[in-house]
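Asker: Sharing coords28.cif (mmCIF, N, CA and C atoms) below.
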```
data_run
loop_
_atom_site.label_atom_id
_atom_site.label_comp_id
_atom_site.auth_asym_id
_atom_site.auth_seq_id
_atom_site.Cartn_x
_atom_site.Cartn_y
_atom_site.Cartn_z
N MET A 18 -20.01 -38.60 6.95
CA MET A 18 -19.46 -38.96 5.67
C MET A 18 -19.04 -37.69 4.92
N ARG A 19 -17.84 -37.69 4.44
CA ARG A 19 -17.33 -36.52 3.74
C ARG A 19 -17.66 -36.63 2.25
N ARG A 20 -18.08 -35.54 1.68
CA ARG A 20 -18.44 -35.53 0.26
C ARG A 20 -17.41 -34.70 -0.51
N GLY A 21 -17.02 -35.17 -1.68
CA GLY A 21 -16.03 -34.47 -2.50
C GLY A 21 -16.66 -33.93 -3.77
N LEU A 22 -15.80 -33.62 -4.74
CA LEU A 22 -16.27 -33.05 -5.99
C LEU A 22 -17.15 -34.01 -6.79
N ASN A 23 -17.02 -35.30 -6.54
CA ASN A 23 -17.75 -36.26 -7.33
C ASN A 23 -19.14 -36.55 -6.75
N SER A 24 -19.46 -35.94 -5.64
CA SER A 24 -20.75 -36.19 -5.01
C SER A 24 -21.89 -35.76 -5.93
N LYS A 25 -22.91 -36.56 -6.01
CA LYS A 25 -24.06 -36.23 -6.86
C LYS A 25 -24.90 -35.13 -6.25
N GLN A 26 -24.63 -34.73 -5.00
CA GLN A 26 -25.37 -33.65 -4.38
C GLN A 26 -24.90 -32.28 -4.86
N HIS A 27 -23.75 -32.21 -5.50
CA HIS A 27 -23.23 -30.94 -5.99
C HIS A 27 -23.62 -30.77 -7.45
N PRO A 28 -24.29 -29.69 -7.80
CA PRO A 28 -24.66 -29.47 -9.21
C PRO A 28 -23.42 -29.16 -10.03
N PRO A 29 -23.47 -29.40 -11.34
CA PRO A 29 -22.33 -29.05 -12.19
C PRO A 29 -22.07 -27.55 -12.15
N LEU A 30 -20.83 -27.20 -12.33
CA LEU A 30 -20.43 -25.80 -12.34
C LEU A 30 -21.04 -25.10 -13.54
N SER A 31 -21.63 -23.96 -13.32
CA SER A 31 -22.28 -23.21 -14.38
C SER A 31 -21.24 -22.49 -15.23
N PRO A 32 -21.32 -22.57 -16.57
CA PRO A 32 -20.39 -21.83 -17.42
C PRO A 32 -20.48 -20.32 -17.22
N SER A 33 -21.59 -19.85 -16.67
CA SER A 33 -21.73 -18.40 -16.46
C SER A 33 -20.81 -17.89 -15.35
N LEU A 34 -20.15 -18.81 -14.62
CA LEU A 34 -19.25 -18.37 -13.56
C LEU A 34 -17.90 -17.91 -14.13
N LEU A 35 -17.63 -18.21 -15.38
CA LEU A 35 -16.37 -17.82 -15.99
C LEU A 35 -16.62 -16.81 -17.09
N PRO A 36 -15.89 -15.76 -17.23
CA PRO A 36 -14.95 -15.22 -16.27
C PRO A 36 -15.67 -14.45 -15.17
N LEU A 37 -14.91 -14.10 -14.14
CA LEU A 37 -15.49 -13.34 -13.03
C LEU A 37 -15.84 -11.93 -13.49
N PRO A 38 -16.91 -11.36 -12.97
CA PRO A 38 -17.27 -9.98 -13.34
C PRO A 38 -16.29 -9.00 -12.73
N PRO A 39 -16.21 -7.78 -13.28
CA PRO A 39 -15.32 -6.78 -12.70
C PRO A 39 -15.81 -6.38 -11.31
N PRO A 40 -14.92 -5.85 -10.48
CA PRO A 40 -15.34 -5.45 -9.14
C PRO A 40 -16.43 -4.37 -9.19
N ALA A 41 -17.29 -4.38 -8.17
CA ALA A 41 -18.41 -3.44 -8.12
C ALA A 41 -17.93 -2.02 -7.80
N VAL A 42 -16.81 -1.92 -7.09
CA VAL A 42 -16.31 -0.61 -6.68
C VAL A 42 -14.99 -0.35 -7.39
N THR A 43 -14.86 0.80 -8.00
CA THR A 43 -13.62 1.18 -8.65
C THR A 43 -12.99 2.32 -7.86
N LEU A 44 -11.76 2.11 -7.46
CA LEU A 44 -11.05 3.16 -6.73
C LEU A 44 -10.50 4.17 -7.72
N SER A 45 -10.54 5.42 -7.36
CA SER A 45 -9.99 6.45 -8.21
C SER A 45 -9.17 7.40 -7.34
N PRO A 46 -7.89 7.45 -7.50
CA PRO A 46 -7.06 6.61 -8.35
C PRO A 46 -6.90 5.22 -7.75
N PRO A 47 -6.57 4.21 -8.58
CA PRO A 47 -6.47 2.83 -8.08
C PRO A 47 -5.12 2.57 -7.43
N CYS A 48 -4.83 3.25 -6.36
CA CYS A 48 -3.52 3.17 -5.71
C CYS A 48 -3.21 1.80 -5.14
N SER A 49 -4.22 1.01 -4.85
CA SER A 49 -3.96 -0.27 -4.19
C SER A 49 -3.20 -1.24 -5.07
N ASP A 50 -3.24 -1.11 -6.39
CA ASP A 50 -2.55 -2.03 -7.29
C ASP A 50 -1.27 -1.44 -7.86
N MET A 51 -0.86 -0.31 -7.34
CA MET A 51 0.31 0.38 -7.89
C MET A 51 1.53 0.13 -7.01
N PRO A 52 2.63 -0.35 -7.61
CA PRO A 52 3.84 -0.56 -6.80
C PRO A 52 4.50 0.77 -6.43
N LEU A 53 5.30 0.73 -5.40
CA LEU A 53 6.00 1.92 -4.93
C LEU A 53 7.10 2.33 -5.90
N ALA A 54 7.28 3.64 -6.08
CA ALA A 54 8.32 4.17 -6.95
C ALA A 54 9.56 4.58 -6.16
N ALA A 55 9.50 4.41 -4.85
CA ALA A 55 10.62 4.76 -3.96
C ALA A 55 10.58 3.79 -2.78
N PRO A 56 11.61 3.80 -1.97
CA PRO A 56 11.60 2.92 -0.80
C PRO A 56 10.37 3.18 0.08
N PRO A 57 9.84 2.15 0.73
CA PRO A 57 8.62 2.31 1.54
C PRO A 57 8.69 3.43 2.57
N ALA A 58 9.82 3.61 3.20
CA ALA A 58 9.94 4.66 4.22
C ALA A 58 9.74 6.05 3.60
N ALA A 59 10.26 6.26 2.40
CA ALA A 59 10.12 7.56 1.75
C ALA A 59 8.66 7.81 1.35
N VAL A 60 8.00 6.78 0.83
CA VAL A 60 6.59 6.92 0.44
C VAL A 60 5.74 7.17 1.68
N ASP A 61 6.02 6.45 2.76
CA ASP A 61 5.28 6.64 4.01
C ASP A 61 5.46 8.06 4.54
N ALA A 62 6.68 8.55 4.53
CA ALA A 62 6.95 9.92 5.01
C ALA A 62 6.22 10.95 4.14
N ALA A 63 6.22 10.73 2.84
CA ALA A 63 5.54 11.66 1.93
C ALA A 63 4.04 11.65 2.17
N PHE A 64 3.48 10.48 2.44
CA PHE A 64 2.04 10.41 2.69
C PHE A 64 1.69 11.09 4.01
N HIS A 65 2.50 10.90 5.04
CA HIS A 65 2.24 11.57 6.32
C HIS A 65 2.35 13.09 6.17
N GLU A 66 3.27 13.54 5.34
CA GLU A 66 3.39 14.98 5.07
C GLU A 66 2.14 15.49 4.37
N LEU A 67 1.62 14.70 3.43
CA LEU A 67 0.39 15.07 2.73
C LEU A 67 -0.77 15.16 3.72
N LEU A 68 -0.85 14.23 4.65
CA LEU A 68 -1.92 14.27 5.66
C LEU A 68 -1.81 15.51 6.55
N LEU A 69 -0.59 15.94 6.84
CA LEU A 69 -0.40 17.16 7.63
C LEU A 69 -0.83 18.40 6.84
N GLN A 70 -0.56 18.41 5.54
CA GLN A 70 -0.92 19.55 4.70
C GLN A 70 -2.43 19.63 4.47
N LEU A 71 -3.09 18.49 4.42
CA LEU A 71 -4.54 18.43 4.18
C LEU A 71 -5.20 17.62 5.29
N PRO A 72 -5.48 18.24 6.44
CA PRO A 72 -6.00 17.50 7.58
C PRO A 72 -7.31 16.76 7.32
N GLY A 73 -8.14 17.21 6.40
CA GLY A 73 -9.41 16.55 6.14
C GLY A 73 -9.33 15.44 5.10
N LEU A 74 -8.13 15.17 4.59
CA LEU A 74 -7.96 14.20 3.52
C LEU A 74 -8.45 12.81 3.89
N ALA A 75 -8.09 12.32 5.05
CA ALA A 75 -8.49 10.96 5.44
C ALA A 75 -9.99 10.83 5.61
N ALA A 76 -10.64 11.87 6.11
CA ALA A 76 -12.09 11.80 6.35
C ALA A 76 -12.90 12.04 5.09
N GLN A 77 -12.41 12.86 4.18
CA GLN A 77 -13.18 13.23 2.97
C GLN A 77 -12.29 13.19 1.73
N PRO A 78 -11.85 11.98 1.31
CA PRO A 78 -10.94 11.90 0.17
C PRO A 78 -11.59 12.25 -1.17
N GLN A 79 -12.93 12.29 -1.23
CA GLN A 79 -13.61 12.57 -2.50
C GLN A 79 -13.75 14.06 -2.82
N GLN A 80 -13.43 14.93 -1.87
CA GLN A 80 -13.48 16.36 -2.16
C GLN A 80 -12.50 16.68 -3.28
N PRO A 81 -12.86 17.60 -4.18
CA PRO A 81 -12.01 17.87 -5.35
C PRO A 81 -10.54 18.17 -5.02
N GLN A 82 -10.29 19.00 -4.02
CA GLN A 82 -8.90 19.33 -3.70
C GLN A 82 -8.17 18.11 -3.12
N HIS A 83 -8.89 17.26 -2.39
CA HIS A 83 -8.27 16.06 -1.84
C HIS A 83 -8.00 15.04 -2.94
N ARG A 84 -8.97 14.88 -3.84
CA ARG A 84 -8.79 13.95 -4.96
C ARG A 84 -7.59 14.36 -5.81
N ALA A 85 -7.47 15.65 -6.09
CA ALA A 85 -6.35 16.16 -6.90
C ALA A 85 -5.02 15.90 -6.18
N ALA A 86 -5.01 16.12 -4.86
CA ALA A 86 -3.78 15.89 -4.09
C ALA A 86 -3.42 14.40 -4.10
N LEU A 87 -4.41 13.53 -3.98
CA LEU A 87 -4.14 12.09 -4.03
C LEU A 87 -3.63 11.67 -5.41
N GLU A 88 -4.19 12.23 -6.45
CA GLU A 88 -3.73 11.89 -7.80
C GLU A 88 -2.28 12.36 -8.01
N ARG A 89 -1.94 13.54 -7.50
CA ARG A 89 -0.55 14.02 -7.59
C ARG A 89 0.38 13.10 -6.80
N PHE A 90 -0.08 12.70 -5.60
CA PHE A 90 0.73 11.81 -4.77
C PHE A 90 0.98 10.49 -5.50
N CYS A 91 -0.07 9.92 -6.06
CA CYS A 91 0.05 8.63 -6.75
C CYS A 91 0.97 8.75 -7.96
N SER A 92 0.86 9.82 -8.72
CA SER A 92 1.71 9.95 -9.91
C SER A 92 3.17 10.18 -9.53
N ARG A 93 3.42 10.76 -8.37
CA ARG A 93 4.80 11.02 -7.92
C ARG A 93 5.42 9.80 -7.24
N TRP A 94 4.66 9.12 -6.38
CA TRP A 94 5.22 8.10 -5.50
C TRP A 94 4.89 6.66 -5.88
N LEU A 95 4.02 6.47 -6.87
CA LEU A 95 3.64 5.11 -7.27
C LEU A 95 3.86 4.91 -8.77
N LEU A 96 4.13 3.68 -9.14
CA LEU A 96 4.31 3.32 -10.54
C LEU A 96 2.98 2.82 -11.10
N PRO A 97 2.85 2.74 -12.41
CA PRO A 97 1.59 2.24 -12.98
C PRO A 97 1.24 0.84 -12.49
N ALA A 98 -0.04 0.59 -12.32
CA ALA A 98 -0.51 -0.73 -11.87
C ALA A 98 -0.02 -1.80 -12.83
N GLY A 99 0.48 -2.88 -12.29
CA GLY A 99 0.95 -4.00 -13.10
C GLY A 99 2.37 -3.88 -13.59
N SER A 100 3.01 -2.72 -13.40
CA SER A 100 4.38 -2.55 -13.89
C SER A 100 5.39 -3.36 -13.08
N ASP A 101 4.98 -3.89 -11.95
CA ASP A 101 5.86 -4.73 -11.15
C ASP A 101 5.76 -6.21 -11.54
N LEU A 102 4.89 -6.52 -12.50
CA LEU A 102 4.69 -7.91 -12.91
C LEU A 102 4.98 -8.08 -14.38
N MET A 103 5.32 -9.29 -14.76
CA MET A 103 5.49 -9.63 -16.16
C MET A 103 4.97 -11.05 -16.35
N PRO A 104 4.65 -11.42 -17.59
CA PRO A 104 4.15 -12.77 -17.81
C PRO A 104 5.16 -13.81 -17.32
N ALA A 105 4.65 -14.85 -16.71
CA ALA A 105 5.52 -15.93 -16.24
C ALA A 105 5.82 -16.88 -17.39
N GLU A 106 7.02 -17.39 -17.40
CA GLU A 106 7.39 -18.38 -18.41
C GLU A 106 7.11 -19.76 -17.82
N LEU A 107 6.18 -20.48 -18.42
CA LEU A 107 5.77 -21.79 -17.93
C LEU A 107 5.84 -22.82 -19.06
N PRO A 108 7.04 -23.21 -19.49
CA PRO A 108 7.16 -24.13 -20.62
C PRO A 108 6.50 -25.48 -20.37
N GLN A 109 6.36 -25.88 -19.11
CA GLN A 109 5.76 -27.17 -18.81
C GLN A 109 4.28 -27.23 -19.20
N LEU A 110 3.64 -26.07 -19.39
CA LEU A 110 2.23 -26.07 -19.77
C LEU A 110 2.02 -26.36 -21.26
N ALA A 111 3.05 -26.17 -22.07
CA ALA A 111 2.90 -26.35 -23.52
C ALA A 111 2.55 -27.79 -23.88
N ALA A 112 2.97 -28.75 -23.09
CA ALA A 112 2.72 -30.16 -23.38
C ALA A 112 1.28 -30.57 -23.07
N GLY A 113 0.53 -29.69 -22.44
CA GLY A 113 -0.84 -30.02 -22.07
C GLY A 113 -0.91 -30.62 -20.67
N PRO A 114 -2.12 -30.95 -20.24
CA PRO A 114 -2.27 -31.51 -18.89
C PRO A 114 -1.50 -32.82 -18.74
N PRO A 115 -0.92 -33.06 -17.58
CA PRO A 115 -0.21 -34.32 -17.35
C PRO A 115 -1.16 -35.51 -17.53
N GLN A 116 -0.61 -36.65 -17.93
CA GLN A 116 -1.43 -37.85 -18.08
C GLN A 116 -2.08 -38.16 -16.73
N GLY A 117 -3.33 -38.53 -16.78
CA GLY A 117 -4.05 -38.87 -15.56
C GLY A 117 -4.51 -37.66 -14.77
N TRP A 118 -4.42 -36.49 -15.40
CA TRP A 118 -4.82 -35.26 -14.71
C TRP A 118 -6.32 -35.28 -14.47
N LEU A 119 -6.74 -35.07 -13.28
CA LEU A 119 -8.13 -35.10 -12.86
C LEU A 119 -8.85 -36.42 -13.20
N PRO A 120 -8.20 -37.54 -12.97
CA PRO A 120 -8.83 -38.81 -13.36
C PRO A 120 -10.10 -39.13 -12.57
N GLN A 121 -10.24 -38.57 -11.40
CA GLN A 121 -11.40 -38.91 -10.56
C GLN A 121 -12.60 -38.00 -10.80
N VAL A 122 -12.46 -36.98 -11.58
CA VAL A 122 -13.58 -36.05 -11.81
C VAL A 122 -14.49 -36.65 -12.88
N VAL A 123 -15.69 -37.00 -12.47
CA VAL A 123 -16.61 -37.65 -13.40
C VAL A 123 -17.67 -36.70 -13.95
N GLN A 124 -17.87 -35.58 -13.30
CA GLN A 124 -18.88 -34.64 -13.78
C GLN A 124 -18.31 -33.83 -14.95
N PRO A 125 -18.93 -33.90 -16.12
CA PRO A 125 -18.40 -33.23 -17.31
C PRO A 125 -18.23 -31.71 -17.12
N GLY A 126 -19.14 -31.06 -16.44
CA GLY A 126 -19.04 -29.62 -16.25
C GLY A 126 -17.81 -29.23 -15.45
N ILE A 127 -17.53 -29.97 -14.40
CA ILE A 127 -16.36 -29.67 -13.57
C ILE A 127 -15.08 -30.01 -14.33
N ARG A 128 -15.08 -31.13 -15.04
CA ARG A 128 -13.90 -31.50 -15.82
C ARG A 128 -13.64 -30.44 -16.91
N GLN A 129 -14.67 -29.98 -17.58
CA GLN A 129 -14.52 -28.96 -18.63
C GLN A 129 -13.95 -27.67 -18.04
N TRP A 130 -14.45 -27.27 -16.88
CA TRP A 130 -13.95 -26.06 -16.23
C TRP A 130 -12.48 -26.21 -15.88
N ALA A 131 -12.09 -27.36 -15.31
CA ALA A 131 -10.70 -27.58 -14.91
C ALA A 131 -9.78 -27.60 -16.13
N GLU A 132 -10.22 -28.21 -17.21
CA GLU A 132 -9.40 -28.23 -18.43
C GLU A 132 -9.26 -26.82 -19.01
N HIS A 133 -10.33 -26.03 -18.96
CA HIS A 133 -10.26 -24.64 -19.42
C HIS A 133 -9.28 -23.85 -18.55
N LEU A 134 -9.33 -24.06 -17.25
CA LEU A 134 -8.42 -23.38 -16.34
C LEU A 134 -6.97 -23.74 -16.67
N PHE A 135 -6.71 -25.01 -16.93
CA PHE A 135 -5.36 -25.42 -17.28
C PHE A 135 -4.89 -24.74 -18.57
N ARG A 136 -5.77 -24.66 -19.57
CA ARG A 136 -5.41 -24.04 -20.86
C ARG A 136 -5.13 -22.54 -20.72
N THR A 137 -5.77 -21.88 -19.77
CA THR A 137 -5.58 -20.44 -19.61
C THR A 137 -4.61 -20.08 -18.49
N TRP A 138 -4.06 -21.07 -17.81
CA TRP A 138 -3.21 -20.81 -16.65
C TRP A 138 -2.01 -19.93 -17.00
N ASP A 139 -1.40 -20.16 -18.18
CA ASP A 139 -0.23 -19.36 -18.53
C ASP A 139 -0.58 -17.88 -18.71
N ALA A 140 -1.81 -17.58 -19.11
CA ALA A 140 -2.24 -16.18 -19.23
C ALA A 140 -2.54 -15.57 -17.86
N LEU A 141 -2.82 -16.40 -16.88
CA LEU A 141 -3.15 -15.91 -15.54
C LEU A 141 -1.92 -15.71 -14.67
N CYS A 142 -0.85 -16.43 -14.94
CA CYS A 142 0.35 -16.40 -14.09
C CYS A 142 1.24 -15.21 -14.41
N ARG A 143 1.79 -14.63 -13.38
CA ARG A 143 2.72 -13.51 -13.51
C ARG A 143 3.90 -13.76 -12.58
N GLN A 144 5.03 -13.14 -12.91
CA GLN A 144 6.17 -13.16 -12.01
C GLN A 144 6.59 -11.73 -11.74
N VAL A 145 7.25 -11.52 -10.63
CA VAL A 145 7.63 -10.17 -10.19
C VAL A 145 8.88 -9.72 -10.92
N ARG A 146 8.87 -8.46 -11.34
CA ARG A 146 10.09 -7.83 -11.87
C ARG A 146 10.89 -7.39 -10.66
N PHE A 147 12.12 -7.75 -10.61
CA PHE A 147 12.91 -7.44 -9.42
C PHE A 147 13.70 -6.14 -9.52
N ALA A 148 13.72 -5.48 -10.65
CA ALA A 148 14.50 -4.26 -10.81
C ALA A 148 13.65 -3.01 -10.65
N LEU A 149 12.73 -3.03 -9.69
CA LEU A 149 11.91 -1.85 -9.44
C LEU A 149 12.69 -0.82 -8.64
N PRO A 150 12.45 0.47 -8.85
CA PRO A 150 13.18 1.50 -8.11
C PRO A 150 13.09 1.33 -6.59
N ALA A 151 11.94 0.91 -6.09
CA ALA A 151 11.76 0.79 -4.65
C ALA A 151 12.57 -0.36 -4.07
N LEU A 152 12.99 -1.30 -4.92
CA LEU A 152 13.72 -2.46 -4.44
C LEU A 152 15.22 -2.34 -4.67
N VAL A 153 15.63 -1.31 -5.38
CA VAL A 153 17.04 -1.16 -5.72
C VAL A 153 17.74 -0.29 -4.71
#
```
Have the structure of the file written as structure tokens, please.

Answerer:
Amino acid sequence: MRRGLNSKQHPPLSPSLLPLPPPAVTLSPPCSDMPLAAPPAAVDAAFHELLLQLPGLAAQPQQPQHRAALERFCSRWLLPAGSDLMPAELPQLAAGPPQGWLPQVVQPGIRQWAEHLFRTWDALCRQVRFALPALV
């Protein structure tokens, strides 16, 4: 027998689950969230050149000279994190949840969480900016 969200075996969702905590590990610099400032091939070539100049970089990126080199690389070849995104325009959310939205959810905690998610969805959604240097 398959059990769904309405099963009495599932406890209500705890309000402490919202919002999610920040990640336990912070990258410095946070290159993983930064869009490219040049075409991918140029950034790749520049990074391989950096690896040739600093052979120990991949094995020991936390050494001061390696960290400084990575920060210079990021500032030259990457754009600020989030600069590739902009708020999404979602006019359909202004009217509120569609009629009959979540009609089968009987647990108040889950229904409250879903309604909260719907109310904050426009703040969570982003769309891509298409005029980035790497894409032009």

Asker: How many Å lie between atom C of Arg93 in chain A and atom C of Ala140 in chain A, rounded to one decimal?

Answerer: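 Distance reported for this atom pair: 28.6 Å.
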
Asker: Starting from the displayed file, determine the output of the PyMOL selection byres (((chain A and resi 95 and name CA) around 10) and name CA) and express the residue list as a PDB file with N, CA and C atoms, in the coordinates of the input.

Answerer:
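Output file expr_21.pdb follows:
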```
ATOM      1  N   CYS A  48      -4.830   3.250  -6.360  1.00  0.00           N
ATOM      2  CA  CYS A  48      -3.520   3.170  -5.710  1.00  0.00           C
ATOM      3  C   CYS A  48      -3.210   1.800  -5.140  1.00  0.00           C
ATOM      4  N   SER A  49      -4.220   1.010  -4.850  1.00  0.00           N
ATOM      5  CA  SER A  49      -3.960  -0.270  -4.190  1.00  0.00           C
ATOM      6  C   SER A  49      -3.200  -1.240  -5.070  1.00  0.00           C
ATOM      7  N   ASP A  50      -3.240  -1.110  -6.390  1.00  0.00           N
ATOM      8  CA  ASP A  50      -2.550  -2.030  -7.290  1.00  0.00           C
ATOM      9  C   ASP A  50      -1.270  -1.440  -7.860  1.00  0.00           C
ATOM     10  N   MET A  51      -0.860  -0.310  -7.340  1.00  0.00           N
ATOM     11  CA  MET A  51       0.310   0.380  -7.890  1.00  0.00           C
ATOM     12  C   MET A  51       1.530   0.130  -7.010  1.00  0.00           C
ATOM     13  N   PRO A  52       2.630  -0.350  -7.610  1.00  0.00           N
ATOM     14  CA  PRO A  52       3.840  -0.560  -6.800  1.00  0.00           C
ATOM     15  C   PRO A  52       4.500   0.770  -6.430  1.00  0.00           C
ATOM     16  N   LEU A  53       5.300   0.730  -5.400  1.00  0.00           N
ATOM     17  CA  LEU A  53       6.000   1.920  -4.930  1.00  0.00           C
ATOM     18  C   LEU A  53       7.100   2.330  -5.900  1.00  0.00           C
ATOM     19  N   ALA A  54       7.280   3.640  -6.080  1.00  0.00           N
ATOM     20  CA  ALA A  54       8.320   4.170  -6.950  1.00  0.00           C
ATOM     21  C   ALA A  54       9.560   4.580  -6.160  1.00  0.00           C
ATOM     22  N   ALA A  55       9.500   4.410  -4.850  1.00  0.00           N
ATOM     23  CA  ALA A  55      10.620   4.760  -3.960  1.00  0.00           C
ATOM     24  C   ALA A  55      10.580   3.790  -2.780  1.00  0.00           C
ATOM     25  N   VAL A  60       8.000   6.780   0.830  1.00  0.00           N
ATOM     26  CA  VAL A  60       6.590   6.920   0.440  1.00  0.00           C
ATOM     27  C   VAL A  60       5.740   7.170   1.680  1.00  0.00           C
ATOM     28  N   ARG A  89      -1.940  13.540  -7.500  1.00  0.00           N
ATOM     29  CA  ARG A  89      -0.550  14.020  -7.590  1.00  0.00           C
ATOM     30  C   ARG A  89       0.380  13.100  -6.800  1.00  0.00           C
ATOM     31  N   PHE A  90      -0.080  12.700  -5.600  1.00  0.00           N
ATOM     32  CA  PHE A  90       0.730  11.810  -4.770  1.00  0.00           C
ATOM     33  C   PHE A  90       0.980  10.490  -5.500  1.00  0.00           C
ATOM     34  N   CYS A  91      -0.070   9.920  -6.060  1.00  0.00           N
ATOM     35  CA  CYS A  91       0.050   8.630  -6.750  1.00  0.00           C
ATOM     36  C   CYS A  91       0.970   8.750  -7.960  1.00  0.00           C
ATOM     37  N   SER A  92       0.860   9.820  -8.720  1.00  0.00           N
ATOM     38  CA  SER A  92       1.710   9.950  -9.910  1.00  0.00           C
ATOM     39  C   SER A  92       3.170  10.180  -9.530  1.00  0.00           C
ATOM     40  N   ARG A  93       3.420  10.760  -8.370  1.00  0.00           N
ATOM     41  CA  ARG A  93       4.800  11.020  -7.920  1.00  0.00           C
ATOM     42  C   ARG A  93       5.420   9.800  -7.240  1.00  0.00           C
ATOM     43  N   TRP A  94       4.660   9.120  -6.380  1.00  0.00           N
ATOM     44  CA  TRP A  94       5.220   8.100  -5.500  1.00  0.00           C
ATOM     45  C   TRP A  94       4.890   6.660  -5.880  1.00  0.00           C
ATOM     46  N   LEU A  96       4.130   3.680  -9.140  1.00  0.00           N
ATOM     47  CA  LEU A  96       4.310   3.320 -10.540  1.00  0.00           C
ATOM     48  C   LEU A  96       2.980   2.820 -11.100  1.00  0.00           C
ATOM     49  N   PRO A  97       2.850   2.740 -12.410  1.00  0.00           N
ATOM     50  CA  PRO A  97       1.590   2.240 -12.980  1.00  0.00           C
ATOM     51  C   PRO A  97       1.240   0.840 -12.490  1.00  0.00           C
ATOM     52  N   ALA A  98      -0.040   0.590 -12.320  1.00  0.00           N
ATOM     53  CA  ALA A  98      -0.510  -0.730 -11.870  1.00  0.00           C
ATOM     54  C   ALA A  98      -0.020  -1.800 -12.830  1.00  0.00           C
ATOM     55  N   ALA A 151      11.940   0.910  -6.090  1.00  0.00           N
ATOM     56  CA  ALA A 151      11.760   0.790  -4.650  1.00  0.00           C
ATOM     57  C   ALA A 151      12.570  -0.360  -4.070  1.00  0.00           C
TER      58      ALA A 151
END
```

Asker: Select, from A:Leu119, A:Met103, A:Leu71, A:Ala85, the residue with the minimum atom-to-atom distance to Val145 in chain A, counting only N, CA and C atoms.

Answerer: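 Of A:Leu119, A:Met103, A:Leu71, A:Ala85, the one nearest Val145 in chain A is A:Met103, counting only N, CA and C atoms.
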
Asker: What's the separation between CA of Arg84 in chain A and CA of Leu102 in chain A, in Å to one decimal place?

Answerer: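 Atom-to-atom, CA of Arg84 in chain A to CA of Leu102 in chain A, that is 26.9 Å.
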
Asker: I need the output of the PyMOL selection byres ((chain A and resi 106) around 7) for this file as a PyMOL selection string; which residues are they?

Answerer: chain A and resi 103-105+107-109+142-144
